[in-house]
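Enquirer: My structure is below; once you've seen it, I'll send some questions.
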Amino acid sequence: MRDGRLPTAGGRVLVIGYGNTLRTDDGVGRRVAMAVASWELPGMRSIAVHQLTPELAEPLANAELAIFVDARFADGEETVEVHRLEPSASRGGLGHVSDPRSLLALARAIYGGSPRTWLVMVPAADLSLGEGLSSTAARGAEVALARIATLIEAEGHRCLGSDSGSSDDGPGRFQYGQSLAGSL
């Protein structure tokens with residue numbers, strides 16, 4: 001990020017947030033994906049889904065960069081974790097895909113490729129029935145959005161093959177705090 005602005009995504013960037021919004025913090029991945037979609041960056045698609053399914057293999061195979069966003073039980077640790085992912089060794093079944101690595105393997109098996117991929121894990125303190133976010137998950141969502149912006153900027157150079165940063169007021173401009181409260 002430069003001066004609080006999110007760069008133009010360029011290339012083909014896919015963000016997939018998943019979880020159950022009726023289980024309080026479990027829905028934080030979907031909420032983060034919806035906030036990312038509001039950035040309206042060219043070359044980027046953001047999808048919010050209840051669970052990972054085989055239908056996501058095609059958009060994954062067409063992406064150059066993928067970022068998955070999910071909740072993880074905080075267990076006293078409130079750090080947002082970011083991990084590089086590779087496709088799993090097994091292809092699994094064609095029903096519900098249990099994790100991003102299996103979905104990447106499916107994309108590779110069916111379409112012949114999978115993108116550079118990251119998993120952003122947001123701490124979740126409350127997984128009970130409900131529709132809001134705990135303060136732990138809300139703070140984590142803000143950190144996750146900043147980490148996603150950093151990943152897009154860092155990886156965006158590779159997606160474009162050149163500098164993807166922009167200092168103008170074009171469509172890639174995003175100021176933190178501008179609309180996140182309404183999105184989360």
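Residue names in the structure tokens use chain letters A, B, ... in the order shown, residue numbers from 1 in each chain, and ligand numbers from 1 in the order shown.
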Could you produce a table of the residues of stretch 38-83 of chain A lying within 9 Å of stretch 140-147 of chain A, with the nearest pair of atoms per residue and their separation in Å rounded to one decimal, using only C-alpha atoms, ordered by chain and increasing residue number, as a Markdown table?
Expert:
| residue | atom | partner | partner_atom | distance |
| --- | --- | --- | --- | --- |
| A:Val69 | CA | A:Ala144 | CA | 8.3 |
| A:Glu78 | CA | A:Gly140 | CA | 7.2 |
| A:Thr79 | CA | A:Gly140 | CA | 7.3 |
| A:Val80 | CA | A:Gly140 | CA | 6.1 |
| A:Glu81 | CA | A:Ala144 | CA | 8.5 |
| A:Val82 | CA | A:Arg147 | CA | 8.1 |
Enquirer: Give me, as a tab-separated table, the closest atom pair and its distance (Å, one decimal) for every residue of stretch 101-145 of chain A within a cut-off of 9 Å of stretch 26-34 of chain A, counting only C-alpha atoms, rows sorted by chain and rising number.
Expert:
residue	atom	partner	partner_atom	distance
A:Val120	CA	A:Gly29	CA	8.6
A:Met121	CA	A:Gly29	CA	8.2
A:Val122	CA	A:Val28	CA	7.3
A:Pro123	CA	A:Val28	CA	8.9
A:Ala124	CA	A:Asp26	CA	6.8
A:Asp126	CA	A:Asp26	CA	7.9
A:Leu127	CA	A:Asp26	CA	5.9
A:Ser128	CA	A:Asp26	CA	8.8
A:Glu131	CA	A:Gly27	CA	8.1
A:Gly132	CA	A:Gly27	CA	8.6
A:Leu133	CA	A:Val28	CA	7.3
A:Ala137	CA	A:Val28	CA	6.8
A:Ala138	CA	A:Val28	CA	7.9
A:Gly140	CA	A:Val28	CA	8.8
A:Ala141	CA	A:Val32	CA	6.2
A:Glu142	CA	A:Val32	CA	8.3
A:Ala144	CA	A:Val32	CA	7.6
A:Leu145	CA	A:Val32	CA	6.8
Enquirer: Could you write out that same residue set with N, CA and C atoms as an mmCIF file, in the first residue's frame?
Expert:
data_model
loop_
_atom_site.group_PDB
_atom_site.id
_atom_site.type_symbol
_atom_site.label_atom_id
_atom_site.label_comp_id
_atom_site.auth_asym_id
_atom_site.auth_seq_id
_atom_site.Cartn_x
_atom_site.Cartn_y
_atom_site.Cartn_z
ATOM 1 N N VAL A 120 -5.796 -16.456 4.354
ATOM 2 C CA VAL A 120 -5.842 -15.482 5.438
ATOM 3 C C VAL A 120 -6.824 -16.017 6.476
ATOM 4 N N MET A 121 -6.311 -16.303 7.675
ATOM 5 C CA MET A 121 -7.122 -16.870 8.760
ATOM 6 C C MET A 121 -7.387 -15.781 9.801
ATOM 7 N N VAL A 122 -8.662 -15.467 10.011
ATOM 8 C CA VAL A 122 -9.082 -14.410 10.931
ATOM 9 C C VAL A 122 -9.501 -15.043 12.252
ATOM 10 N N PRO A 123 -9.020 -14.520 13.385
ATOM 11 C CA PRO A 123 -9.390 -15.109 14.673
ATOM 12 C C PRO A 123 -10.878 -14.959 14.963
ATOM 13 N N ALA A 124 -11.468 -16.043 15.470
ATOM 14 C CA ALA A 124 -12.891 -16.084 15.819
ATOM 15 C C ALA A 124 -13.020 -16.473 17.288
ATOM 16 N N ASP A 126 -16.269 -16.299 18.890
ATOM 17 C CA ASP A 126 -17.640 -16.718 19.153
ATOM 18 C C ASP A 126 -18.198 -17.425 17.920
ATOM 19 N N LEU A 127 -18.491 -18.719 18.040
ATOM 20 C CA LEU A 127 -19.063 -19.490 16.933
ATOM 21 C C LEU A 127 -20.486 -19.933 17.219
ATOM 22 N N SER A 128 -21.140 -19.253 18.152
ATOM 23 C CA SER A 128 -22.519 -19.590 18.500
ATOM 24 C C SER A 128 -23.478 -19.069 17.427
ATOM 25 N N GLU A 131 -25.693 -13.425 14.144
ATOM 26 C CA GLU A 131 -25.277 -12.829 12.880
ATOM 27 C C GLU A 131 -24.207 -11.759 13.001
ATOM 28 N N GLY A 132 -23.820 -11.360 14.172
ATOM 29 C CA GLY A 132 -22.819 -10.310 14.318
ATOM 30 C C GLY A 132 -21.417 -10.874 14.411
ATOM 31 N N LEU A 133 -20.471 -9.989 14.647
ATOM 32 C CA LEU A 133 -19.085 -10.387 14.875
ATOM 33 C C LEU A 133 -18.673 -9.973 16.279
ATOM 34 N N ALA A 137 -13.189 -10.803 16.226
ATOM 35 C CA ALA A 137 -13.323 -11.021 14.783
ATOM 36 C C ALA A 137 -13.384 -9.700 14.020
ATOM 37 N N ALA A 138 -14.046 -8.696 14.576
ATOM 38 C CA ALA A 138 -14.133 -7.396 13.908
ATOM 39 C C ALA A 138 -12.746 -6.765 13.784
ATOM 40 N N GLY A 140 -9.944 -8.447 13.820
ATOM 41 C CA GLY A 140 -9.242 -9.327 12.886
ATOM 42 C C GLY A 140 -9.606 -9.053 11.446
ATOM 43 N N ALA A 141 -10.873 -8.727 11.192
ATOM 44 C CA ALA A 141 -11.320 -8.424 9.830
ATOM 45 C C ALA A 141 -10.607 -7.186 9.302
ATOM 46 N N GLU A 142 -10.446 -6.183 10.135
ATOM 47 C CA GLU A 142 -9.735 -4.966 9.719
ATOM 48 C C GLU A 142 -8.280 -5.285 9.375
ATOM 49 N N ALA A 144 -7.149 -8.244 8.517
ATOM 50 C CA ALA A 144 -7.176 -9.098 7.326
ATOM 51 C C ALA A 144 -7.294 -8.259 6.059
ATOM 52 N N LEU A 145 -8.112 -7.227 6.072
ATOM 53 C CA LEU A 145 -8.262 -6.366 4.898
ATOM 54 C C LEU A 145 -6.934 -5.677 4.563
#
Enquirer: From the list A:Ala71, A:Ile152, A:Leu104, A:Ile110, which residue is nearest A:Thr21 when using only C-alpha atoms?
Expert: A:Ala71
Enquirer: Would you please work out which residue, of A:Ala149, A:Ala105, A:Ala154, A:Ala66, is nearest to A:Leu41 when using only C-alpha atoms?
Expert: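 Of A:Ala149, A:Ala105, A:Ala154, A:Ala66, the one nearest A:Leu41 is A:Ala149, counting only C-alpha atoms.
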Enquirer: Just the number, please: distance in Å from atom CA of A:Leu106 to atom CA of A:Leu14, one decimal.
Expert: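 Distance reported for this atom pair: 16.2 Å.
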Enquirer: Pick from A:Ile16, A:Leu103, A:Met44, A:Leu119: nearest to A:Arg72, with only C-alpha atoms counted?
Expert: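 For A:Arg72, the nearest of the candidates is A:Leu119.
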Enquirer: As number ranges by chain, please: every residue in stretch 23-151 of chain A that DSSP puts in strand (DSSP E or B).
Expert: A: 23, 44-49, 65-73, 81-85, 116-124, 130
Enquirer: I'd like the contact shell of A:Thr117 - 9 Å cut-off, only C-alpha atoms, skipping same-chain residues fewer than 6 positions apart - returned as a PyMOL selection string.
Expert: chain A and resi 64-68+83-86+104
Enquirer: Of the residues A:Asp25, A:Ser98, A:Arg108, A:Ser38, which is the one nearest to A:Arg139, using only C-alpha atoms?
Expert: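 Using only C-alpha atoms, A:Arg139 sits closest to A:Asp25.
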Enquirer: By how many Å are atom CA of A:Ser134 and atom CA of A:Arg23 apart?
Expert: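 The value is 11.0 Å.
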Enquirer: Could you write out, as a list in words, all the residues of stretch 12-115 of chain A that DSSP marks as alpha helix (DSSP H)?
Expert: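 Here is the list: Val28, Gly29, Arg30, Arg31, Val32, Ala33, Met34, Ala35, Val36, Ala37, Ala57, Glu58, Pro59, Leu60, Ala61, Asn62, Pro100, Arg101, Ser102, Leu103, Leu104, Ala105, Leu106, Ala107, Arg108, Ala109, Ile110 and Tyr111 of chain A.
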Enquirer: Could those residues be written to a file, using N, CA and C atoms, as a short mmCIF file (atom, residue, chain, number, x, y, z; two decimals), in the first residue's frame?
Expert:
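Wrote part.cif, looks like this:
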data_model
loop_
_atom_site.label_atom_id
_atom_site.label_comp_id
_atom_site.auth_asym_id
_atom_site.auth_seq_id
_atom_site.Cartn_x
_atom_site.Cartn_y
_atom_site.Cartn_z
N VAL A 28 -16.92 -14.42 9.21
CA VAL A 28 -15.99 -13.31 8.99
C VAL A 28 -15.33 -13.38 7.62
N GLY A 29 -15.05 -14.56 7.11
CA GLY A 29 -14.44 -14.68 5.78
C GLY A 29 -15.34 -14.11 4.70
N ARG A 30 -16.62 -14.40 4.79
CA ARG A 30 -17.58 -13.86 3.82
C ARG A 30 -17.67 -12.35 3.93
N ARG A 31 -17.69 -11.85 5.16
CA ARG A 31 -17.78 -10.40 5.37
C ARG A 31 -16.56 -9.68 4.82
N VAL A 32 -15.39 -10.27 5.01
CA VAL A 32 -14.15 -9.68 4.46
C VAL A 32 -14.22 -9.69 2.94
N ALA A 33 -14.67 -10.78 2.35
CA ALA A 33 -14.78 -10.85 0.88
C ALA A 33 -15.73 -9.79 0.35
N MET A 34 -16.84 -9.55 1.05
CA MET A 34 -17.78 -8.51 0.61
C MET A 34 -17.14 -7.12 0.71
N ALA A 35 -16.35 -6.89 1.76
CA ALA A 35 -15.65 -5.60 1.89
C ALA A 35 -14.63 -5.43 0.76
N VAL A 36 -13.91 -6.50 0.42
CA VAL A 36 -12.94 -6.44 -0.68
C VAL A 36 -13.67 -6.14 -1.99
N ALA A 37 -14.84 -6.74 -2.20
CA ALA A 37 -15.61 -6.50 -3.42
C ALA A 37 -15.97 -5.02 -3.55
N ALA A 57 -13.59 -24.27 -8.82
CA ALA A 57 -12.34 -24.70 -9.46
C ALA A 57 -12.08 -23.93 -10.75
N GLU A 58 -13.10 -23.66 -11.54
CA GLU A 58 -12.88 -22.96 -12.81
C GLU A 58 -12.39 -21.52 -12.60
N PRO A 59 -13.08 -20.70 -11.77
CA PRO A 59 -12.52 -19.35 -11.57
C PRO A 59 -11.12 -19.38 -10.94
N LEU A 60 -10.85 -20.37 -10.11
CA LEU A 60 -9.50 -20.51 -9.53
C LEU A 60 -8.47 -20.77 -10.62
N ALA A 61 -8.79 -21.66 -11.53
CA ALA A 61 -7.86 -22.02 -12.59
C ALA A 61 -7.58 -20.83 -13.51
N ASN A 62 -8.51 -19.90 -13.61
CA ASN A 62 -8.35 -18.73 -14.46
C ASN A 62 -7.65 -17.57 -13.76
N PRO A 100 -9.19 -25.24 0.99
CA PRO A 100 -8.66 -24.60 -0.21
C PRO A 100 -7.65 -25.44 -0.96
N ARG A 101 -6.81 -26.19 -0.25
CA ARG A 101 -5.79 -27.00 -0.92
C ARG A 101 -6.44 -28.06 -1.82
N SER A 102 -7.53 -28.66 -1.35
CA SER A 102 -8.24 -29.65 -2.17
C SER A 102 -8.86 -28.99 -3.40
N LEU A 103 -9.38 -27.78 -3.22
CA LEU A 103 -9.97 -27.05 -4.34
C LEU A 103 -8.89 -26.68 -5.37
N LEU A 104 -7.72 -26.29 -4.90
CA LEU A 104 -6.60 -26.01 -5.81
C LEU A 104 -6.20 -27.26 -6.58
N ALA A 105 -6.17 -28.41 -5.90
CA ALA A 105 -5.84 -29.68 -6.56
C ALA A 105 -6.88 -30.02 -7.63
N LEU A 106 -8.14 -29.76 -7.33
CA LEU A 106 -9.21 -30.01 -8.29
C LEU A 106 -9.05 -29.10 -9.51
N ALA A 107 -8.76 -27.83 -9.28
CA ALA A 107 -8.54 -26.89 -10.40
C ALA A 107 -7.39 -27.36 -11.27
N ARG A 108 -6.34 -27.82 -10.65
CA ARG A 108 -5.17 -28.29 -11.40
C ARG A 108 -5.51 -29.56 -12.18
N ALA A 109 -6.26 -30.49 -11.55
CA ALA A 109 -6.59 -31.77 -12.21
C ALA A 109 -7.54 -31.56 -13.39
N ILE A 110 -8.53 -30.69 -13.23
CA ILE A 110 -9.53 -30.51 -14.29
C ILE A 110 -9.10 -29.51 -15.34
N TYR A 111 -8.53 -28.38 -14.91
CA TYR A 111 -8.23 -27.29 -15.84
C TYR A 111 -6.74 -27.12 -16.13
#
